[in-house]
$ cat final-v7.txt   # compact mmCIF, C-alpha atoms
# COMPACT_ATOMS: atom_id res chain seq x y z
CA MET H 1 0.00 0.00 0.00
CA ASP H 2 1.22 3.48 -0.82
CA ASP H 3 2.01 5.74 2.08
CA THR H 4 0.53 9.18 1.41
CA LEU H 5 1.54 12.44 3.00
CA PRO H 6 -0.21 15.80 2.96
CA THR H 7 2.00 18.03 0.82
CA THR H 8 1.73 21.73 0.05
CA LEU H 9 3.63 23.42 -2.74
CA ILE H 10 3.48 26.80 -4.42
CA VAL H 11 3.31 25.90 -8.10
CA ASN H 12 3.64 28.79 -10.54
CA GLY H 13 2.52 31.11 -7.78
CA GLU H 14 -0.49 29.07 -6.71
CA ARG H 15 -0.70 27.15 -3.47
CA VAL H 16 -1.71 23.51 -3.93
CA THR H 17 -2.22 20.87 -1.25
CA ARG H 18 -2.61 17.17 -2.01
CA ASN H 19 -2.13 13.83 -0.34
CA VAL H 20 0.86 12.49 -2.19
CA ALA H 21 2.26 8.97 -2.36
CA ALA H 22 5.82 8.96 -1.03
CA ARG H 23 7.06 7.20 -4.16
CA GLN H 24 5.67 9.80 -6.58
CA HIS H 25 8.35 12.03 -8.06
CA LEU H 26 7.78 15.70 -8.66
CA SER H 27 7.38 15.35 -12.44
CA ASP H 28 4.61 12.78 -12.12
CA PHE H 29 2.95 14.92 -9.46
CA LEU H 30 2.99 17.98 -11.74
CA ARG H 31 1.81 16.02 -14.76
CA ASP H 32 -0.71 13.61 -13.26
CA GLU H 33 -2.10 15.53 -10.30
CA LEU H 34 -1.95 19.08 -11.64
CA GLY H 35 -2.15 18.47 -15.39
CA LEU H 36 1.04 20.45 -16.00
CA THR H 37 2.33 18.26 -18.80
CA GLY H 38 4.92 20.71 -20.09
CA SER H 39 7.64 19.06 -18.01
CA HIS H 40 8.36 15.83 -19.80
CA THR H 41 9.40 12.49 -18.39
CA ALA H 42 11.67 10.29 -20.45
CA CYS H 43 14.64 8.55 -18.88
CA GLU H 44 13.47 8.97 -15.26
CA HIS H 45 16.96 8.49 -13.93
CA GLY H 46 18.41 11.93 -14.25
CA VAL H 47 20.19 11.67 -17.58
CA CYS H 48 18.04 13.46 -20.15
CA GLY H 49 16.91 16.72 -18.51
CA ALA H 50 13.45 16.78 -20.15
CA CYS H 51 11.87 17.05 -16.67
CA THR H 52 13.82 20.14 -15.58
CA VAL H 53 11.82 22.49 -13.32
CA ARG H 54 12.75 25.19 -10.81
CA VAL H 55 12.47 24.60 -7.08
CA ASP H 56 13.05 27.66 -4.91
CA GLY H 57 14.61 29.34 -7.92
CA ALA H 58 17.15 26.59 -8.75
CA ILE H 59 16.79 24.16 -11.64
CA VAL H 60 16.38 20.51 -10.61
CA ARG H 61 15.52 17.17 -12.15
CA GLY H 62 11.81 16.62 -11.50
CA CYS H 63 12.34 12.86 -11.78
CA LEU H 64 15.02 12.89 -9.06
CA MET H 65 12.99 14.72 -6.45
CA LEU H 66 10.04 13.23 -4.63
CA ALA H 67 6.98 15.44 -4.55
CA VAL H 68 7.01 15.10 -0.74
CA GLN H 69 10.58 16.47 -0.68
CA ALA H 70 9.27 19.64 -2.31
CA ASN H 71 6.78 20.19 0.51
CA GLY H 72 6.65 23.88 1.45
CA ARG H 73 8.74 24.91 -1.53
CA LYS H 74 8.14 27.07 -4.57
CA VAL H 75 8.03 25.20 -7.89
CA ASP H 76 8.10 26.88 -11.30
CA THR H 77 7.36 24.90 -14.44
CA ILE H 78 7.62 25.75 -18.10
CA GLU H 79 3.93 26.71 -18.03
CA GLY H 80 4.67 29.35 -15.40
CA LEU H 81 7.70 30.75 -17.20
CA SER H 82 5.86 30.80 -20.49
CA ASP H 83 2.64 32.41 -19.22
CA SER H 84 4.45 35.11 -17.27
CA GLY H 85 6.43 36.18 -20.32
CA GLU H 86 9.70 35.60 -18.48
CA ILE H 87 11.17 33.67 -21.42
CA ALA H 88 9.26 35.18 -24.34
CA ASP H 89 12.51 36.36 -25.97
CA LEU H 90 14.11 32.93 -25.50
CA GLN H 91 11.12 31.14 -27.01
CA GLU H 92 11.18 33.54 -29.94
CA ALA H 93 14.90 32.91 -30.46
CA PHE H 94 14.37 29.11 -30.39
CA HIS H 95 11.70 29.54 -33.05
CA ARG H 96 13.78 31.87 -35.20
CA ARG H 97 16.92 29.71 -34.97
CA ASN H 98 15.14 26.40 -35.56
CA ALA H 99 16.37 25.27 -32.15
CA LEU H 100 13.72 22.57 -31.91
CA GLN H 101 12.39 19.91 -34.15
CA CYS H 102 10.25 17.39 -32.29
CA GLY H 103 10.13 19.68 -29.25
CA PHE H 104 10.34 16.96 -26.63
CA CYS H 105 13.47 18.33 -24.96
CA THR H 106 12.48 21.97 -25.44
CA PRO H 107 10.79 22.68 -22.07
CA GLY H 108 13.84 21.36 -20.22
CA MET H 109 16.20 23.20 -22.58
CA LEU H 110 14.34 26.46 -21.98
CA MET H 111 14.45 25.98 -18.19
CA ALA H 112 18.20 25.26 -18.27
CA ALA H 113 18.88 28.11 -20.71
CA GLN H 114 16.90 30.63 -18.66
CA ASP H 115 18.88 29.52 -15.58
CA LEU H 116 22.12 30.31 -17.41
CA LEU H 117 20.78 33.60 -18.78
CA THR H 118 19.97 34.82 -15.28
CA SER H 119 22.97 33.38 -13.43
CA GLN H 120 25.72 34.00 -16.01
CA PRO H 121 24.66 36.88 -18.27
CA GLU H 122 28.23 37.13 -19.62
CA ALA H 123 28.46 33.42 -20.50
CA THR H 124 30.60 32.36 -23.47
CA ARG H 125 29.53 29.85 -26.09
CA GLU H 126 31.57 27.22 -24.29
CA GLU H 127 29.78 28.01 -21.03
CA VAL H 128 26.42 27.74 -22.79
CA ARG H 129 27.38 24.27 -23.97
CA GLU H 130 28.60 23.33 -20.51
CA HIS H 131 25.40 24.55 -18.87
CA LEU H 132 23.16 22.72 -21.32
CA SER H 133 25.23 19.53 -21.15
CA GLY H 134 22.67 17.93 -18.84
CA ASN H 135 19.89 18.29 -21.39
CA LEU H 136 19.77 15.85 -24.26
CA CYS H 137 18.33 16.66 -27.67
CA ARG H 138 18.12 13.91 -30.25
CA CYS H 139 17.06 16.08 -33.21
CA THR H 140 18.99 19.29 -33.57
CA GLY H 141 22.64 18.48 -32.99
CA TYR H 142 22.64 21.35 -30.43
CA GLN H 143 24.24 24.04 -32.63
CA ALA H 144 20.94 25.82 -33.22
CA ILE H 145 20.05 25.64 -29.53
CA VAL H 146 23.37 27.17 -28.54
CA ASP H 147 22.92 29.81 -31.28
CA ALA H 148 19.51 30.74 -29.87
CA VAL H 149 20.82 31.05 -26.32
CA GLU H 150 23.75 33.14 -27.52
CA ASP H 151 21.33 35.45 -29.35
CA VAL H 152 19.39 36.05 -26.16
CA LEU H 153 22.54 36.54 -24.10
CA GLY H 154 23.45 39.30 -26.55
CA SER H 155 19.99 40.89 -26.75
CA ARG H 156 19.52 40.93 -22.98
CA ARG H 157 23.00 42.44 -22.53
CA ARG H 158 22.12 45.17 -25.01
CA GLY H 159 18.77 45.64 -23.29
CA ARG H 160 20.46 46.35 -19.99
CA LYS H 161 22.73 49.04 -21.38
CA MET K 1 10.39 3.23 -14.67
CA LYS K 2 8.75 4.22 -11.43
CA ALA K 3 10.03 3.67 -7.91
CA PRO K 4 8.52 0.85 -5.89
CA SER K 5 6.39 1.77 -2.87
CA PHE K 6 8.08 2.90 0.30
CA SER K 7 7.33 4.94 3.39
CA TYR K 8 8.89 8.30 3.99
CA ALA K 9 9.93 10.08 7.16
CA ARG K 10 11.51 13.48 7.68
CA PRO K 11 12.84 13.62 11.24
CA GLY K 12 13.85 17.03 12.57
CA SER K 13 16.80 15.90 14.65
CA LEU K 14 19.74 13.51 14.62
CA SER K 15 18.21 11.48 17.44
CA GLY K 16 15.06 11.09 15.33
CA VAL K 17 17.22 9.75 12.48
CA PHE K 18 19.00 7.26 14.75
CA GLU K 19 15.72 6.05 16.20
CA LEU K 20 14.32 5.28 12.73
CA LEU K 21 17.55 3.65 11.55
CA GLU K 22 17.59 1.49 14.65
CA ARG K 23 13.96 0.47 14.30
CA HIS K 24 14.09 -0.32 10.57
CA GLY K 25 17.66 -1.59 10.23
CA ASP K 26 18.75 -2.30 6.68
CA ARG K 27 15.18 -1.90 5.41
CA ALA K 28 15.68 1.88 5.77
CA ARG K 29 17.79 4.08 3.51
CA VAL K 30 19.00 7.58 4.30
CA LEU K 31 17.87 10.17 1.74
CA ALA K 32 20.12 13.23 1.37
CA GLY K 33 19.88 14.94 -2.04
CA GLY K 34 18.71 11.70 -3.62
CA GLN K 35 20.44 12.29 -6.94
CA SER K 36 21.76 8.72 -7.01
CA LEU K 37 19.29 7.06 -4.66
CA LEU K 38 16.15 8.20 -6.50
CA ALA K 39 17.65 7.14 -9.82
CA SER K 40 18.35 3.69 -8.39
CA LEU K 41 14.80 3.50 -6.99
CA ASN K 42 13.31 4.49 -10.35
CA LEU K 43 15.43 1.79 -11.95
CA ARG K 44 14.26 -0.60 -9.23
CA LEU K 45 17.81 -1.45 -8.29
CA SER K 46 16.90 -0.85 -4.67
CA ALA K 47 13.68 -1.43 -2.71
CA PRO K 48 13.85 0.04 0.78
CA GLU K 49 10.85 -0.04 3.10
CA LEU K 50 11.50 3.44 4.41
CA LEU K 51 13.36 6.54 3.25
CA VAL K 52 14.70 8.66 6.08
CA ASP K 53 15.00 12.17 4.64
CA ILE K 54 17.66 14.06 6.60
CA ALA K 55 16.96 17.43 4.91
CA CYS K 56 15.40 18.89 8.06
CA VAL K 57 18.13 17.82 10.47
CA PRO K 58 19.82 21.03 11.61
CA GLY K 59 23.57 21.55 11.51
CA LEU K 60 24.43 19.37 8.52
CA THR K 61 24.88 22.11 5.91
CA GLY K 62 27.72 24.52 5.37
CA ILE K 63 31.43 25.00 4.89
CA THR K 64 33.49 26.34 7.77
CA VAL K 65 37.20 26.96 8.18
CA ALA K 66 38.60 26.41 11.66
CA GLY K 67 42.35 26.53 12.15
CA ASP K 68 43.96 24.37 9.48
CA LYS K 69 40.80 22.42 8.65
CA VAL K 70 37.88 22.94 6.33
CA ARG K 71 34.72 21.22 7.50
CA ILE K 72 32.06 20.41 4.92
CA GLY K 73 28.66 19.41 6.29
CA ALA K 74 27.05 16.32 4.81
CA LEU K 75 24.10 18.20 3.31
CA THR K 76 26.25 20.82 1.59
CA THR K 77 25.31 20.70 -2.09
CA HIS K 78 27.72 20.43 -5.00
CA ARG K 79 26.56 23.91 -6.01
CA GLN K 80 27.54 25.34 -2.61
CA ILE K 81 30.97 23.72 -2.93
CA GLU K 82 31.32 25.07 -6.46
CA ARG K 83 30.52 28.61 -5.31
CA SER K 84 32.40 28.56 -2.01
CA PRO K 85 35.28 31.05 -1.75
CA GLU K 86 36.64 28.95 1.15
CA VAL K 87 36.82 25.85 -1.03
CA ALA K 88 38.37 27.81 -3.90
CA ARG K 89 41.02 29.19 -1.55
CA HIS K 90 41.80 26.23 0.70
CA LEU K 91 40.75 23.16 -1.30
CA PRO K 92 41.49 23.93 -4.95
CA LEU K 93 41.39 20.19 -5.71
CA LEU K 94 37.75 19.97 -4.67
CA ALA K 95 36.92 23.22 -6.47
CA GLN K 96 38.21 21.68 -9.72
CA ALA K 97 36.59 18.30 -9.08
CA VAL K 98 33.08 19.62 -8.50
CA ARG K 99 32.87 20.97 -12.03
CA ASN K 100 32.93 17.37 -13.22
CA VAL K 101 29.97 16.30 -11.12
CA ALA K 102 26.99 15.66 -13.43
CA CYS K 103 25.25 18.87 -14.57
CA ALA K 104 23.90 22.10 -13.05
CA ALA K 105 20.45 20.72 -12.15
CA ILE K 106 21.95 17.76 -10.30
CA ARG K 107 24.64 19.88 -8.63
CA ASN K 108 21.86 22.06 -7.19
CA VAL K 109 20.48 19.13 -5.21
CA GLY K 110 23.13 16.42 -4.79
CA THR K 111 25.17 16.55 -1.60
CA PHE K 112 28.72 16.06 -0.43
CA GLY K 113 27.74 13.52 2.21
CA GLY K 114 25.55 11.58 -0.19
CA SER K 115 28.42 11.17 -2.61
CA ILE K 116 30.84 10.06 0.11
CA ALA K 117 28.42 7.64 1.78
CA LEU K 118 27.37 6.07 -1.52
CA ALA K 119 31.04 5.57 -2.45
CA ASP K 120 30.52 5.19 -6.16
CA PRO K 121 33.87 4.12 -7.63
CA ALA K 122 33.59 6.76 -10.37
CA ALA K 123 32.69 9.61 -7.99
CA GLU K 124 34.95 12.65 -7.66
CA TYR K 125 34.89 13.51 -3.93
CA PRO K 126 36.07 10.13 -2.59
CA ALA K 127 39.27 10.36 -4.65
CA CYS K 128 39.82 13.98 -3.54
CA ALA K 129 39.30 13.01 0.09
CA VAL K 130 41.83 10.19 -0.24
CA ALA K 131 44.37 12.45 -1.97
CA LEU K 132 43.98 15.20 0.64
CA ASP K 133 43.92 12.75 3.58
CA ALA K 134 40.53 14.01 4.78
CA THR K 135 38.65 12.60 7.73
CA PHE K 136 34.94 11.81 7.92
CA VAL K 137 32.80 12.42 10.97
CA LEU K 138 30.41 9.53 11.60
CA ALA K 139 27.68 9.97 14.16
CA GLY K 140 25.85 7.16 15.92
CA ARG K 141 23.28 7.11 18.66
CA ALA K 142 25.91 6.70 21.36
CA ALA K 143 28.95 8.49 20.03
CA GLU K 144 30.70 10.27 17.21
CA ARG K 145 33.85 8.88 15.64
CA ARG K 146 36.29 9.98 12.99
CA VAL K 147 37.56 7.75 10.19
CA ARG K 148 40.28 8.72 7.72
CA ALA K 149 39.15 8.71 4.10
CA ARG K 150 42.00 6.30 3.37
CA GLU K 151 40.34 3.77 5.67
CA PHE K 152 36.73 4.64 4.95
CA PHE K 153 36.33 3.21 1.45
CA ARG K 154 36.38 -0.56 1.84
CA GLY K 155 35.14 -1.93 -1.47
CA LEU K 156 32.57 -1.42 -4.20
CA TYR K 157 29.87 0.75 -2.53
CA GLU K 158 31.25 -0.48 0.78
CA THR K 159 32.35 1.91 3.52
CA ALA K 160 33.30 1.95 7.19
CA LEU K 161 29.82 3.21 8.13
CA ARG K 162 28.21 0.85 10.63
CA PRO K 163 24.49 0.10 10.71
CA GLY K 164 22.66 3.01 12.33
CA GLU K 165 25.47 5.50 11.70
CA LEU K 166 25.22 8.69 9.69
CA LEU K 167 28.04 10.53 7.94
CA ILE K 168 27.64 14.11 9.14
CA ALA K 169 30.73 15.93 7.78
CA GLY K 170 34.12 15.75 6.14
CA GLU K 171 37.19 17.52 7.49
CA PHE K 172 39.91 18.46 5.03
CA PRO K 173 43.34 19.83 5.93
CA VAL K 174 43.81 23.17 4.15
CA SER K 175 46.16 23.07 1.19
CA GLY K 176 49.66 23.87 2.46
CA ASP K 177 52.08 26.51 1.18
CA GLY K 178 53.89 25.40 -1.95
CA TYR K 179 51.30 22.72 -2.75
CA ARG K 180 49.28 22.57 -5.93
CA SER K 181 46.31 20.50 -7.01
CA VAL K 182 45.00 19.17 -10.29
CA PHE K 183 41.82 17.23 -10.92
CA LEU K 184 41.24 15.63 -14.31
CA GLU K 185 38.86 13.01 -15.59
CA LEU K 186 37.89 11.45 -18.88
CA ALA K 187 34.22 10.77 -19.51
CA ARG K 188 32.45 9.70 -22.68
CA ARG K 189 30.08 12.66 -22.40
CA ARG K 190 30.29 15.80 -20.28
CA GLY K 191 28.92 15.08 -16.82
CA ASP K 192 28.83 11.34 -17.39
CA TYR K 193 30.56 8.86 -15.09
CA ALA K 194 34.33 9.03 -15.39
CA MET K 195 36.12 6.27 -17.31
CA VAL K 196 39.25 7.23 -15.39
CA GLY K 197 40.08 10.22 -13.24
CA ILE K 198 42.91 11.57 -11.12
CA ALA K 199 42.97 13.77 -8.03
CA ALA K 200 46.56 14.97 -7.70
CA HIS K 201 48.02 17.06 -4.92
CA ALA K 202 51.73 17.69 -4.46
CA ARG K 203 54.37 20.08 -3.24
CA THR K 204 55.84 21.80 -6.27
CA ALA K 205 58.29 24.26 -4.74
CA GLY K 206 61.57 24.84 -6.58
CA GLY K 207 60.44 23.01 -9.71
CA ARG K 208 60.53 19.64 -7.95
CA ILE K 209 57.63 17.40 -7.03
CA SER K 210 57.43 16.05 -3.53
CA ASP K 211 54.82 14.56 -1.20
CA ALA K 212 52.66 13.71 -4.25
CA ARG K 213 49.28 12.18 -3.51
CA LEU K 214 47.83 10.69 -6.67
CA ALA K 215 44.38 9.25 -6.15
CA PHE K 216 42.74 7.58 -9.12
CA LEU K 217 39.00 7.09 -9.52
CA ALA K 218 37.07 4.58 -11.59
CA VAL K 219 40.00 2.13 -11.74
CA SER K 220 38.84 -0.10 -8.90
CA GLY K 221 36.01 -0.51 -6.38
CA THR K 222 37.51 2.29 -4.28
CA PRO K 223 39.80 5.26 -4.96
CA VAL K 224 43.38 4.08 -5.37
CA LEU K 225 46.35 6.00 -4.02
CA ALA K 226 49.19 5.39 -6.47
CA VAL K 227 52.09 5.25 -4.05
CA ARG K 228 54.65 3.73 -6.43
CA ALA K 229 54.05 6.43 -9.01
CA ALA K 230 54.40 9.03 -6.25
CA ALA K 231 57.67 7.44 -5.11
CA ALA K 232 59.02 7.66 -8.66
CA LEU K 233 58.41 11.42 -8.57
CA GLU K 234 59.70 12.22 -5.10
CA GLY K 235 62.18 15.08 -5.09
CA ARG K 236 62.49 15.22 -8.87
CA PRO K 237 61.57 17.79 -11.47
CA PRO K 238 58.77 16.37 -13.63
CA ASP K 239 60.89 15.95 -16.75
CA ALA K 240 60.09 13.43 -19.47
CA ARG K 241 62.08 10.61 -17.91
CA THR K 242 60.55 11.05 -14.44
CA VAL K 243 57.03 11.30 -15.83
CA ALA K 244 57.59 8.12 -17.85
CA ALA K 245 58.84 6.30 -14.75
CA ALA K 246 55.77 7.35 -12.78
CA GLN K 247 53.48 6.33 -15.64
CA ALA K 248 55.19 2.95 -15.86
CA ALA K 249 54.73 2.39 -12.13
CA LEU K 250 50.96 2.64 -12.52
CA GLY K 251 50.94 -0.75 -14.23
CA ASP K 252 51.82 -2.38 -10.91
CA GLU K 253 49.30 -0.60 -8.76
CA LEU K 254 46.14 0.09 -10.75
CA GLU K 255 43.83 -2.83 -11.15
CA ALA K 256 41.84 -0.95 -13.85
CA PRO K 257 39.48 -3.81 -14.68
CA ALA K 258 37.78 -3.77 -18.06
CA ASP K 259 34.24 -2.43 -18.17
CA LEU K 260 31.56 -2.33 -20.86
CA TYR K 261 33.43 0.30 -22.84
CA ALA K 262 37.14 -0.12 -22.25
CA SER K 263 39.63 -2.93 -21.79
CA ARG K 264 42.15 -2.98 -18.95
CA ALA K 265 44.86 -1.89 -21.41
CA THR K 266 42.78 1.09 -22.50
CA LYS K 267 41.99 2.15 -18.95
CA LEU K 268 45.60 1.85 -17.90
CA HIS K 269 46.66 3.85 -20.93
CA LEU K 270 44.12 6.56 -20.09
CA ALA K 271 45.31 6.64 -16.47
CA ARG K 272 48.87 7.16 -17.72
CA VAL K 273 47.76 9.91 -20.07
CA LEU K 274 45.94 11.66 -17.23
CA LEU K 275 48.94 11.32 -14.92
CA GLY K 276 51.13 12.91 -17.60
CA ARG K 277 48.69 15.78 -18.03
CA ALA K 278 48.32 16.24 -14.29
CA LEU K 279 52.08 16.43 -13.78
CA GLY K 280 52.36 18.89 -16.66
CA ALA K 281 49.71 21.07 -15.03
CA LEU K 282 51.34 20.80 -11.59
CA ALA K 283 54.67 21.90 -13.02
CA ARG K 284 53.24 24.93 -14.83

$ encode --input "final-v7.txt" --output "structure tokens"
Amino acid sequence: MDDTLPTTLIVNGERVTRNVAARQHLSDFLRDELGLTGSHTACEHGVCGACTVRVDGAIVRGCLMLAVQANGRKVDTIEGLSDSGEIADLQEAFHRRNALQCGFCTPGMLMAAQDLLTSQPEATREEVREHLSGNLCRCTGYQAIVDAVEDVLGSRRRGRK
Amino acid sequence: MKAPSFSYARPGSLSGVFELLERHGDRARVLAGGQSLLASLNLRLSAPELLVDIACVPGLTGITVAGDKVRIGALTTHRQIERSPEVARHLPLLAQAVRNVACAAIRNVGTFGGSIALADPAAEYPACAVALDATFVLAGRAAERRVRAREFFRGLYETALRPGELLIAGEFPVSGDGYRSVFLELARRRGDYAMVGIAAHARTAGGRISDARLAFLAVSGTPVLAVRAAAALEGRPPDARTVAAAQAALGDELEAPADLYASRATKLHLARVLLGRALGALAR
């Protein structure tokens, strides 16, 4: 029998409380309980990065965190970042640069890229590659993704001046 | 895959942890960051009855310098180590090593203590701890004890931790004057498990290498301190002949068993290449 625990999270700014099975990871909780299917689950052992979300402002693997571990914490998903307009320029750059084909990895890529854009606004191309190394894409060959992130690094730098 | 069913507890004190570990014995597993444990649960390589989440136990996080020691709390994340000015200043070996740990999202959550207690043969911190002669602080219900890293790693995923004990910190001697450190590893993809790695720390004053501690990872069930290679370097400048002698010595002391991807000969070759690069970097 599954042990359930009352769990409260702030997801994309909204407080949600559910009884959660201890074994349920955060990605399944977001997808199955809240219908937030933008975070994808693929490898479910921390290799592919498709499940990347933000917990208390830091990117994490949704498949390597139990929902009960996130109790009391603030979770942001791709739906939140997209709806708030936080990554509108990044999404536009991905579109313009053809940085996605099937789109499966894209939510995780956008989460990881936005993390870099905010934490290392002066990042080099090499640092972009390093930061995205935990996110696998099986379509693009990565060049276009790195191009798109570099574009936004440049445009946000110019925007600040 | 999905994890099997288990119960979950989040005690708020060390005594609460010990009580649960005592009651559930080896049917309980300690959960720190969970970046290896949850993967192994999802892969159903492990099926504990209870996870004891230590995230809410106070006093297990942080990096402090006291005298000639740097203490790293078990719940300190890779990210905190990566960003720590104390680590950069006093433990340059660890500062270099952490950049090889998985990727940003995993470094945000995974912990120092989790990596040490799991004792994965390809992990970075165990080799650093062996090279730097660190000591681990192990707490039990009755007492606390200290075990040197060089005696802590006993075999494949096997450590000196006794049932009911919790690793609460590591204590590293600060890097001495005239010493330099180099950490290098080879992995098939960035952030992937190392095929071979080296944690090297040595005195490099006056263009000569002395007191070299060369700990290799991913060449055996535990980190391996290459003492014969170090002896071949002692008191010498790292010129081509000395480097070659040290590289040759590795053949006698690294087991380097073949794995899915590389034969013993390949692994030994890679270890020699890394040793050469490390000595080049130490001498620079």

$ residues_around --input "final-v7.txt" --residues "Glu44 in chain H" --least-positions-apart "5" --cutoff "12 Å" --atoms "all atoms listed in the file" --output "list in words"
Gln24, His25, Leu26, Ser27, Asp28, Ser39, Gly49, Ala50, Cys51, Thr52, Arg61, Gly62, Cys63, Leu64, Met65 and Leu66 of chain H; Met1, Lys2, Ala3, Gln35, Ser36, Leu38, Ala39, Ser40, Leu41, Asn42, Leu43 and Arg44 of chain K

$ interface_residues --input "final-v7.txt" --of "chain K" --to "chain H" --cutoff "10 Å" --atoms "all atoms listed in the file" --output "NGL selection string"
:K and (1-10 or 31 or 33-43 or 50-51 or 53 or 55 or 99 or 102-110 or 189-192)

$ atom_distance --input "final-v7.txt" --atom1 "CA of Arg264 in chain K" --atom2 "CA of Ser220 in chain K"
11.0 Å

$ atom_distance --input "final-v7.txt" --atom1 "CA of Thr222 in chain K" --atom2 "CA of Ala160 in chain K"
12.2 Å

$ atom_distance --input "final-v7.txt" --atom1 "CA of Tyr261 in chain K" --atom2 "CA of His78 in chain K"
27.5 Å

$ residues_around --input "final-v7.txt" --residues "range 162-179 of chain K" --least-positions-apart "3" --cutoff "8 Å" --atoms "all atoms listed in the file" --output "MDAnalysis selection string"
chainID K and resid 18 21:22 25:26 60 68:75 90:92 113 117 129 132:141 201:205

$ residues_around --input "final-v7.txt" --residues "range 6-12 of chain H" --least-positions-apart "3" --cutoff "8 Å" --atoms "all atoms listed in the file" --output "list of chain:residue names"
H:Arg15, H:Val16, H:Thr17, H:Arg18, H:Asn19, H:Val20, H:Ala67, H:Val68, H:Ala70, H:Asn71, H:Gly72, H:Arg73, H:Lys74, H:Val75, H:Asp76, H:Thr77, H:Glu79, H:Gly80

$ decode --input "final-v7.txt" --residues "range 105-116 of chain K" --atoms "N, CA and C atoms" --output "PDB file, in the first residue's frame"
ATOM      1  N   ALA K 105      21.691  21.064 -12.864  1.00  0.00           N
ATOM      2  CA  ALA K 105      20.454  20.724 -12.148  1.00  0.00           C
ATOM      3  C   ALA K 105      20.712  19.681 -11.061  1.00  0.00           C
ATOM      4  N   ILE K 106      21.625  18.785 -11.300  1.00  0.00           N
ATOM      5  CA  ILE K 106      21.954  17.763 -10.297  1.00  0.00           C
ATOM      6  C   ILE K 106      22.861  18.357  -9.223  1.00  0.00           C
ATOM      7  N   ARG K 107      23.762  19.246  -9.624  1.00  0.00           N
ATOM      8  CA  ARG K 107      24.642  19.881  -8.628  1.00  0.00           C
ATOM      9  C   ARG K 107      23.850  20.765  -7.662  1.00  0.00           C
ATOM     10  N   ASN K 108      22.688  21.254  -8.092  1.00  0.00           N
ATOM     11  CA  ASN K 108      21.859  22.064  -7.189  1.00  0.00           C
ATOM     12  C   ASN K 108      21.288  21.262  -6.031  1.00  0.00           C
ATOM     13  N   VAL K 109      21.196  19.955  -6.180  1.00  0.00           N
ATOM     14  CA  VAL K 109      20.477  19.128  -5.206  1.00  0.00           C
ATOM     15  C   VAL K 109      21.387  18.089  -4.540  1.00  0.00           C
ATOM     16  N   GLY K 110      22.266  17.483  -5.313  1.00  0.00           N
ATOM     17  CA  GLY K 110      23.133  16.424  -4.792  1.00  0.00           C
ATOM     18  C   GLY K 110      24.056  16.965  -3.706  1.00  0.00           C
ATOM     19  N   THR K 111      24.411  16.095  -2.764  1.00  0.00           N
ATOM     20  CA  THR K 111      25.168  16.549  -1.595  1.00  0.00           C
ATOM     21  C   THR K 111      26.544  15.895  -1.479  1.00  0.00           C
ATOM     22  N   PHE K 112      27.395  16.579  -0.737  1.00  0.00           N
ATOM     23  CA  PHE K 112      28.724  16.065  -0.425  1.00  0.00           C
ATOM     24  C   PHE K 112      28.622  14.728   0.322  1.00  0.00           C
ATOM     25  N   GLY K 113      27.824  14.724   1.381  1.00  0.00           N
ATOM     26  CA  GLY K 113      27.737  13.519   2.213  1.00  0.00           C
ATOM     27  C   GLY K 113      27.132  12.349   1.458  1.00  0.00           C
ATOM     28  N   GLY K 114      26.160  12.641   0.602  1.00  0.00           N
ATOM     29  CA  GLY K 114      25.550  11.580  -0.194  1.00  0.00           C
ATOM     30  C   GLY K 114      26.572  10.911  -1.088  1.00  0.00           C
ATOM     31  N   SER K 115      27.406  11.720  -1.713  1.00  0.00           N
ATOM     32  CA  SER K 115      28.424  11.171  -2.613  1.00  0.00           C
ATOM     33  C   SER K 115      29.437  10.323  -1.851  1.00  0.00           C
ATOM     34  N   ILE K 116      29.850  10.810  -0.683  1.00  0.00           N
ATOM     35  CA  ILE K 116      30.837  10.060   0.108  1.00  0.00           C
ATOM     36  C   ILE K 116      30.236   8.747   0.628  1.00  0.00           C
TER      37      ILE K 116
END
